[in-house]
Amino acid sequence: MTALQHVRLGTYYVVPMAGSDDFEEWRDHARRLLMADVPPDRVAWTEPGGSAGDLFSHGDRRLPVLDRDAAPPRVSKRFMDIAKTVLLNADPTRFSLLYRVLWRLQTKPRLIEDMADPDVRAMADMARAVRRDIHKMRAFVRFRVVEEEAEDGSRAEHYVAWFEPFHHILRHNAGFFTRRFANMRWSILTPRGSLHWDGETLREGPPATRADAPSGDPAEDLWRSYYASIFNPARLKVGAMLKEMPRKYWKNMPEAQLIPELIAGAQAREATMVEKGALDMGERPETLAAIDKAIHVCARCPIGELHNTAVMGEGPQDAFLMIVGEQPGDQEDLAGRPFVGPAGQLLDVHLAQAGIDRSAAYVTNTVKHFKYVQRGKRRLHQSPTAKEIDMCRWWVESERMIVQPKLVLAMGASAARGMLGRTVSVTKARGTLIPLEDGSELWVTAHPSYLLRLDGAGREEQERLFREDLAAVSARLAQLQAA
Amino acid sequence: MAQKSTLDRLKILADAAKYDASCASSGTSKRDSRGGKGIGSTEGVGICHAYAPDGRCISLLKLLLTNHCVFDCHYCVNRKSSNVERAKFTPQEVADLTLSFYKRNYIEGLFLSSGIIRSSDHTMEMLVETARILREEHDFRGYIHLKTIPEADPEIVHRAGLYADRVSINVELPTDAGLTRLAPDKNAGQIDGAMAGMKSAIVEAKDAKKRFRHAPKFAPAGQSTQMIVGADAASDADIVTRASSLYTRHRLRRVYYSAFSPIPDASAVLPLKRPPLIREHRLYQSDWLMRFYGFAPHEVAQAAGADGMLPLDIDPKLAWALKFRESFPVDVNRAPKEALLRVPGLGTRAVGQILMARRHRRLRLEDVAKLTVSVKKVQPFIVTVDWRPVLLTDRADLKALIAPKAEQLELFAA
């Protein structure tokens with residue numbers, strides 16, 4: 001066959017499509033046009049209800065008569081696969097694009113593999129947009145349950161969703177939802193049509209409006225609070241969210257209404273943290289009395305705002321040894337003195353054993369107020385956060401500057417942080433000398449209240465370590481005093 | 001104490017679960033609810049049903065059965081010594097919640113983990129029981145991911161694999177020393193042994209499946225793990241090496257990285273500063289290089305600086321290319337796939353398209369531009385019919401030319 005035989009020069013064809021997503025229909029028309037050698041620029045395809053525009057207003061609406069002798073066109077499976085997806089795109093130019101590529105494939109059969117070709121590329125882009133919409137519909141459809149009376153009078157749950165797809169994908173996605181929710185009664189309503197599944201058969205219905213769908217669901221509160229809780233405000237990445245869940249989908253997703261609030265909340269939280277970090281502590285107090293006075297009105301961190309009193313360190317102002325704990329406990333808070341509760345008593349026992357005179361030492365805490373939560377009548381101890389320790393370091397540092405001890409014994413990780421400004425592991429740091437900037441030295445051990453929380457073999461082991469640490473400190477003290 | 005409402009407990013236990021990075025629901029066997037009495041399907045690809053403002057996908061109902069815990073791992077918000085509010089669900093409650101969410105198309109399934117209550121065995125039993133209720137009583141065919149507890153009886157752990165699509169055991173920290181220091185109750189040997197056991201069970205089940213059609217499925221989506229980045233001193237090179245040994249030794253599907261994020265009520269042993277979020281991203285990129293781009297672990301380590309850390313300002317592939325300039329430029333019209341995959345700016349898809357397109361035409365720079373996101377980034381490393389980077393790869397300021405411009409740091413970015 002020669003190409004020119006069947007060309008009817010000067011004739012334009014208008015192909016009105018009956019369906020928006022009917023691939024078979026397009027294929028039949030395209031095959032007929034191709035067999036009659038009608039070049040792509042002589043065909044106008046129109047959507048259902050659309051017009052072909054002025055250019056083709058006088059076009060021939062009858063397709064060319066099929067030449068029985070013409071060989072049926074052949075085309076690769078790859079083209080067919082992509083074309084089926086492209087056809088679902090809402091772009092009105094998709095029919096003509098597909099026909100143009102089909103036409104070019106007749107002389108260049110492997111054109112479809114050439115992604116650098118603009119037509120092939122356009123097809124790939126349209127197919128990708130459709131696949132994405134298909135996927136997003138599977139992800140973002142939200143059912144709401146309605147109780148309905150079945151024919152036999154029993155109550156049955158009916159799950160109804162309202163969704164607005166961008167391409168003609170509803171029918172394509174029917175299979176997914178029937179496979180997934182095979183034993184559930186559900187309907188998906190869209191502006192382009194609807195689907196209804198009763199557990200056995202799938203029915204197609206007319207286009208619907210949002211008002212046809214239920215307006216809420218009792219489970220949505222749970223879902224929203226799940227959404228809000230699983231979000232980590234410490235790592236806001238709004239761009240990444242918008243890329244995968246563009247705003248256009250939000251209006252039909254119950255959780256999306258929380259987004260502005262969550263973002264604003266996270267930013268506010270971070271802002272307060274930044275603001276708190278920049279607190280000006282003012283002039284350094286020069287006497288212990290001044291510190292004592294100042295800590296009683298300190299509310300620079302939330303601990304200071306609880307119902308408690310500040311507990312000042314005690315001991316000689318020229319003490320050789322300074323013992324630092326974490327924070328006052330319940331009893332210390334009531335007595336207004338450090339280390340008088342159970343942990344203090346345990347400490348006393350061990351100090352006596354090690355031959356260290358508590359009355360000669362300056363005993364204090366890293367954090368000056370008791371941090372607790374109220375549980376009934378009891379106030380349960382809570383560890384200070386690193387932030388709070390750093391805030392309170394100001395006071396314990398001031399105390400150290402005045403007392404100027406030669407040796408500081410920090411008990412527990414909080415105290416060690418209070419001294420060093422960085423976190424060290426008690427297990428690693430204990431038993432060794434850590435030089436401090438002013439020439440004095442720091443020794444780290446566990447906090448006695450840690451021992452109190454243990455029992456059995458663990459307690460014995462830790463008590464032994466504690467004893468060893470105190471013995472080492474005692475030996476070192478003797479050494480320093482002798483020097 | 002009065003029982004908290006479901007809503008309150010959901011808040012607490014979802015909040016506690018958010019430090020687990022994985023939310024994958026892909027790669028399991030295909031199945032659907034036709035012919036059954038319940039709901040659910042898995043079709044190979046995972047679906048993200050929503051995205052949170054932290055950019056992370058919400059695919060599964062990620063919950064802790066309880067956040068009570070007898071362990072005292074310093075990096076964990078649920079450690080024994082932490083003062084967080086505690087709550088717990090029964091297996092039945094979690095199953096009901098999962099079904100209720102699934103029916104409304106909120107989720108792909110369940111990712112259940114738990115703090116250790118009473119004993120490891122007891123906790124593992126409860127996790128398995130939840131999966132059993134879903135699978136057996138409700139014929140649920142959606143996705144289930146169970147976190148398994150290395151200290152629990154292997155027999156119970158094995159049952160988890162029979163119900164779950166994926167099982168995971170967290171290695172927690174990249175180095176054994178870090179684990180000893182920060183997770184005193186855990187044991188590196190035990191974690192490793194549990195992973196090895198899981199691997200052989202998965203391999204055995206796959207093998208049986210080949211011979212007997214009705215052999216039970218065992219964790220068809222394989223096992224994964226998670227490492228916390230930035231809580232100890234491990235360098236990126238250490239982490240990458242550890243991850244690659246996990247991939248090969250235990251055939252893990254994924255190693256997840258979770259940038260240590262300052263948790264409320266932090267233990268004082270922890271660093272206060274969180275590692276830059278971008279570090280986690282760079283580690284994932286290096287993970288990708290090993291899984292999809294043919295990079296060997298030591299090559300990724302080469303991209304790192306002298307301190308073993310990957311550069312934060314440029315991606316590891318570009319870092320590697322800048323170090324090994326002698327491997328470039330690559331001729332897009334002739335070079336083998338492996339060489340093309342090394343070109344910064346060419347992804348696996350672009351490489352596939354170049355390979356296909358070059359059968360039909362000799363590629364020019366404009367052709368490459370159509371196939372890639374940014375031809376500017378690729379340009380210095382390739383040769384096309386009409387383009388050759390003249391001495392460009394030798395320029396000392398090359399990095400400045402192609403590295404993304406430093407941006408005004410956003411206050412809330414990372």
# chains A, B, ... in the order shown; residues from 1 in each chain; ligands from 1

$ select_by_dssp --residues "region 411-475 of chain A" --states "alpha helix (DSSP H)" --output "PyMOL selection string"
chain A and resi 413-420+426-429+448-453+456-475

$ residues_around --residues "region 331-336 of chain B" --least-positions-apart "2" --cutoff "12 Å" --atoms "only C-alpha atoms" --output "PyMOL selection string"
chain B and resi 327-329+338-343+346+350-365+367-368+371+378-389

$ write_last_selection --atoms "N, CA and C atoms" --output "CSV table (one decimal), in the first residue's frame"
chain,number,residue,atom,x,y,z
B,327,SER,N,37.6,10.0,37.9
B,327,SER,CA,36.5,9.1,37.4
B,327,SER,C,35.6,9.9,36.4
B,328,PHE,N,35.8,11.2,36.3
B,328,PHE,CA,35.0,12.0,35.4
B,328,PHE,C,35.8,12.7,34.4
B,329,PRO,N,35.2,13.3,33.3
B,329,PRO,CA,33.8,13.2,33.0
B,329,PRO,C,33.4,11.9,32.4
B,338,GLU,N,27.0,1.6,35.3
B,338,GLU,CA,27.6,1.8,36.7
B,338,GLU,C,28.3,3.2,36.7
B,339,ALA,N,28.9,3.6,35.6
B,339,ALA,CA,29.6,4.9,35.6
B,339,ALA,C,28.6,6.0,35.6
B,340,LEU,N,27.5,5.8,34.9
B,340,LEU,CA,26.4,6.9,34.8
B,340,LEU,C,25.8,7.1,36.2
B,341,LEU,N,25.7,6.0,36.9
B,341,LEU,CA,25.0,6.1,38.3
B,341,LEU,C,25.9,6.9,39.2
B,342,ARG,N,27.2,7.0,38.9
B,342,ARG,CA,28.1,7.7,39.8
B,342,ARG,C,28.0,9.2,39.6
B,343,VAL,N,27.4,9.7,38.5
B,343,VAL,CA,27.4,11.1,38.2
B,343,VAL,C,26.4,11.8,39.1
B,346,LEU,N,22.4,12.6,38.5
B,346,LEU,CA,21.7,11.6,37.7
B,346,LEU,C,21.2,10.5,38.7
B,350,ALA,N,16.8,8.7,35.7
B,350,ALA,CA,17.4,9.4,34.6
B,350,ALA,C,18.4,8.5,33.9
B,351,VAL,N,19.1,7.7,34.7
B,351,VAL,CA,20.1,6.8,34.0
B,351,VAL,C,19.4,5.8,33.1
B,352,GLY,N,18.3,5.3,33.6
B,352,GLY,CA,17.5,4.3,32.8
B,352,GLY,C,17.0,5.0,31.5
B,353,GLN,N,16.6,6.2,31.6
B,353,GLN,CA,16.1,6.9,30.4
B,353,GLN,C,17.2,7.3,29.5
B,354,ILE,N,18.4,7.6,30.0
B,354,ILE,CA,19.5,7.9,29.1
B,354,ILE,C,19.9,6.6,28.4
B,355,LEU,N,19.9,5.5,29.1
B,355,LEU,CA,20.3,4.2,28.4
B,355,LEU,C,19.3,3.9,27.3
B,356,MET,N,18.0,4.2,27.5
B,356,MET,CA,17.1,3.9,26.5
B,356,MET,C,17.2,4.9,25.4
B,357,ALA,N,17.3,6.1,25.7
B,357,ALA,CA,17.2,7.2,24.7
B,357,ALA,C,18.5,7.1,23.8
B,358,ARG,N,19.6,6.7,24.3
B,358,ARG,CA,20.8,6.7,23.5
B,358,ARG,C,20.9,5.7,22.5
B,359,ARG,N,20.0,4.7,22.5
B,359,ARG,CA,19.9,3.7,21.5
B,359,ARG,C,19.3,4.4,20.2
B,360,HIS,N,18.6,5.5,20.4
B,360,HIS,CA,17.9,6.2,19.3
B,360,HIS,C,18.6,7.4,18.8
B,361,ARG,N,19.4,8.0,19.6
B,361,ARG,CA,20.0,9.2,19.1
B,361,ARG,C,21.3,9.4,19.9
B,362,ARG,N,22.2,10.2,19.3
B,362,ARG,CA,23.4,10.6,20.1
B,362,ARG,C,23.0,11.8,20.9
B,363,LEU,N,23.1,11.6,22.2
B,363,LEU,CA,22.6,12.6,23.1
B,363,LEU,C,23.4,13.9,23.2
B,364,ARG,N,22.6,15.0,23.1
B,364,ARG,CA,23.2,16.3,23.2
B,364,ARG,C,22.9,16.8,24.6
B,365,LEU,N,23.5,17.9,24.9
B,365,LEU,CA,23.3,18.5,26.3
B,365,LEU,C,21.8,18.8,26.5
B,367,ASP,N,19.3,17.3,25.3
B,367,ASP,CA,18.6,16.0,25.6
B,367,ASP,C,18.7,15.6,27.0
B,368,VAL,N,20.0,15.7,27.5
B,368,VAL,CA,20.2,15.3,28.9
B,368,VAL,C,19.4,16.2,29.8
B,371,LEU,N,16.1,15.1,30.6
B,371,LEU,CA,15.9,13.8,31.3
B,371,LEU,C,16.3,14.0,32.8
B,378,VAL,N,24.8,18.4,36.6
B,378,VAL,CA,25.3,17.2,35.9
B,378,VAL,C,26.5,17.6,35.0
B,379,GLN,N,26.3,18.8,34.4
B,379,GLN,CA,27.2,19.3,33.3
B,379,GLN,C,28.7,19.1,33.6
B,380,PRO,N,29.2,19.5,34.8
B,380,PRO,CA,30.7,19.4,34.9
B,380,PRO,C,31.2,17.9,34.9
B,381,PHE,N,30.3,17.0,35.0
B,381,PHE,CA,30.7,15.6,35.1
B,381,PHE,C,30.5,14.7,33.9
B,382,ILE,N,29.9,15.3,32.8
B,382,ILE,CA,29.6,14.5,31.7
B,382,ILE,C,30.1,15.0,30.4
B,383,VAL,N,30.1,14.1,29.4
B,383,VAL,CA,30.5,14.5,28.0
B,383,VAL,C,29.3,14.1,27.1
B,384,THR,N,28.9,15.1,26.3
B,384,THR,CA,27.8,14.7,25.3
B,384,THR,C,28.4,15.0,23.9
B,385,VAL,N,27.6,14.8,22.9
B,385,VAL,CA,28.1,15.1,21.6
B,385,VAL,C,28.6,16.5,21.4
B,386,ASP,N,27.9,17.5,22.1
B,386,ASP,CA,28.2,18.9,21.9
B,386,ASP,C,28.8,19.5,23.1
B,387,TRP,N,29.2,18.7,24.1
B,387,TRP,CA,29.6,19.3,25.4
B,387,TRP,C,30.7,18.5,26.0
B,388,ARG,N,31.8,19.2,26.4
B,388,ARG,CA,32.9,18.6,27.1
B,388,ARG,C,33.3,19.6,28.2
B,389,PRO,N,33.3,19.2,29.4
B,389,PRO,CA,33.7,20.2,30.5
B,389,PRO,C,35.2,20.5,30.4

$ interface_residues --of "chain A" --to "chain B" --cutoff "7 Å" --atoms "only C-alpha atoms" --output "PyMOL selection string"
chain A and resi 113-116+139-144+179-183+222+225-226+229-233+235-238+240-241+245+259+263+267+382+385-386+413-414+423-425

$ closest_residue --among "B:Met126, B:Ala321, B:Ala194, B:Ala304" --to "Pro91 (chain B)" --atoms "only C-alpha atoms"
B:Met126

$ closest_residue --among "B:Cys76, B:Ile191, B:Ala205, B:Cys69" --to "Pro154 (chain B)" --atoms "only C-alpha atoms"
B:Ile191

$ residues_around --residues "region 231-238 of chain B" --least-positions-apart "4" --cutoff "9 Å" --atoms "only C-alpha atoms" --output "PDB file with C-alpha atoms, in the first residue's frame"
ATOM      1  CA  TYR B  75      17.939   8.137  75.010  1.00  0.00           C
ATOM      2  CA  LEU B 173      23.046   2.539  68.758  1.00  0.00           C
ATOM      3  CA  PRO B 174      25.704   2.170  66.096  1.00  0.00           C
ATOM      4  CA  THR B 175      28.387   0.973  68.471  1.00  0.00           C
ATOM      5  CA  GLY B 178      27.324   3.231  73.053  1.00  0.00           C
ATOM      6  CA  LEU B 179      24.756   0.592  73.807  1.00  0.00           C
ATOM      7  CA  LEU B 182      23.240   4.420  77.157  1.00  0.00           C
ATOM      8  CA  ARG B 242      27.577  -0.960  60.740  1.00  0.00           C
ATOM      9  CA  ALA B 243      24.525  -0.612  58.505  1.00  0.00           C
ATOM     10  CA  ALA B 259      18.310  11.660  64.570  1.00  0.00           C
ATOM     11  CA  PHE B 260      18.455  11.812  68.312  1.00  0.00           C
ATOM     12  CA  SER B 261      15.952  14.475  69.148  1.00  0.00           C
ATOM     13  CA  LEU B 270      22.656  12.709  76.944  1.00  0.00           C
ATOM     14  CA  PRO B 271      24.110  15.390  74.764  1.00  0.00           C
ATOM     15  CA  ARG B 274      20.458  17.439  68.756  1.00  0.00           C
ATOM     16  CA  PRO B 275      22.522  16.511  65.728  1.00  0.00           C
ATOM     17  CA  ARG B 279      22.851  14.499  59.147  1.00  0.00           C
ATOM     18  CA  LEU B 283      22.913   9.035  56.110  1.00  0.00           C
ATOM     19  CA  PRO B 297      30.460   0.808  52.116  1.00  0.00           C
ATOM     20  CA  HIS B 298      34.111   1.789  51.989  1.00  0.00           C
ATOM     21  CA  VAL B 300      30.724   5.878  51.052  1.00  0.00           C
ATOM     22  CA  ALA B 301      33.233   6.186  53.855  1.00  0.00           C
ATOM     23  CA  GLN B 302      35.634   7.760  51.353  1.00  0.00           C
ATOM     24  CA  ALA B 304      33.312  11.339  54.448  1.00  0.00           C
ATOM     25  CA  ASP B 307      36.738  12.815  61.009  1.00  0.00           C
ATOM     26  CA  GLY B 308      34.503  10.171  59.414  1.00  0.00           C
ATOM     27  CA  MET B 309      31.608  12.579  59.025  1.00  0.00           C
ATOM     28  CA  LEU B 310      29.757  13.118  55.766  1.00  0.00           C
TER      29      LEU B 310
END

$ closest_residue --among "A:Val349, A:Ala354, A:Val367, A:Ile402" --to "Val311 (chain A)" --atoms "only C-alpha atoms"
A:Val367

$ select_by_dssp --residues "region 191-330 of chain B" --states "strand (DSSP E or B)" --output "list in words"
Gln223, Ser224, Thr225, Gln226, Met227, Ile228, Val229, Arg254, Val255, Tyr256, Tyr257, Ser258, Ala259 and Val330 of chain B

$ write_last_selection --atoms "N, CA and C atoms" --output "PDB file, in the first residue's frame"
ATOM      1  N   GLN B 223      12.736  -8.177  57.771  1.00  0.00           N
ATOM      2  CA  GLN B 223      12.989  -7.466  59.023  1.00  0.00           C
ATOM      3  C   GLN B 223      13.778  -6.185  58.790  1.00  0.00           C
ATOM      4  N   SER B 224      13.581  -5.259  59.707  1.00  0.00           N
ATOM      5  CA  SER B 224      14.277  -3.978  59.602  1.00  0.00           C
ATOM      6  C   SER B 224      14.797  -3.601  60.987  1.00  0.00           C
ATOM      7  N   THR B 225      15.534  -2.522  61.045  1.00  0.00           N
ATOM      8  CA  THR B 225      16.036  -2.101  62.340  1.00  0.00           C
ATOM      9  C   THR B 225      16.176  -0.585  62.379  1.00  0.00           C
ATOM     10  N   GLN B 226      16.487  -0.055  63.534  1.00  0.00           N
ATOM     11  CA  GLN B 226      16.631   1.393  63.670  1.00  0.00           C
ATOM     12  C   GLN B 226      17.827   1.743  64.531  1.00  0.00           C
ATOM     13  N   MET B 227      18.524   2.786  64.124  1.00  0.00           N
ATOM     14  CA  MET B 227      19.674   3.268  64.881  1.00  0.00           C
ATOM     15  C   MET B 227      19.460   4.721  65.255  1.00  0.00           C
ATOM     16  N   ILE B 228      19.872   5.072  66.433  1.00  0.00           N
ATOM     17  CA  ILE B 228      19.763   6.469  66.840  1.00  0.00           C
ATOM     18  C   ILE B 228      21.074   7.174  66.521  1.00  0.00           C
ATOM     19  N   VAL B 229      20.959   8.275  65.826  1.00  0.00           N
ATOM     20  CA  VAL B 229      22.138   8.986  65.363  1.00  0.00           C
ATOM     21  C   VAL B 229      22.360  10.210  66.232  1.00  0.00           C
ATOM     22  N   ARG B 254      15.612  -2.858  55.591  1.00  0.00           N
ATOM     23  CA  ARG B 254      15.941  -1.447  55.764  1.00  0.00           C
ATOM     24  C   ARG B 254      16.642  -1.217  57.085  1.00  0.00           C
ATOM     25  N   VAL B 255      17.553  -0.266  57.091  1.00  0.00           N
ATOM     26  CA  VAL B 255      18.090   0.251  58.345  1.00  0.00           C
ATOM     27  C   VAL B 255      17.581   1.688  58.444  1.00  0.00           C
ATOM     28  N   TYR B 256      16.837   1.995  59.474  1.00  0.00           N
ATOM     29  CA  TYR B 256      16.330   3.351  59.633  1.00  0.00           C
ATOM     30  C   TYR B 256      17.247   4.130  60.562  1.00  0.00           C
ATOM     31  N   TYR B 257      17.357   5.408  60.282  1.00  0.00           N
ATOM     32  CA  TYR B 257      18.134   6.273  61.155  1.00  0.00           C
ATOM     33  C   TYR B 257      17.193   7.250  61.821  1.00  0.00           C
ATOM     34  N   SER B 258      17.395   7.466  63.072  1.00  0.00           N
ATOM     35  CA  SER B 258      16.566   8.435  63.748  1.00  0.00           C
ATOM     36  C   SER B 258      17.497   9.424  64.431  1.00  0.00           C
ATOM     37  N   ALA B 259      17.470  10.646  63.951  1.00  0.00           N
ATOM     38  CA  ALA B 259      18.310  11.660  64.570  1.00  0.00           C
ATOM     39  C   ALA B 259      17.855  11.788  66.005  1.00  0.00           C
ATOM     40  N   VAL B 330      32.119  11.605  32.454  1.00  0.00           N
ATOM     41  CA  VAL B 330      31.570  10.355  31.944  1.00  0.00           C
ATOM     42  C   VAL B 330      30.831  10.668  30.645  1.00  0.00           C
TER      43      VAL B 330
END

$ atom_distance --atom1 "CA of His168 (chain A)" --atom2 "CA of Gly19 (chain A)"
10.0 Å
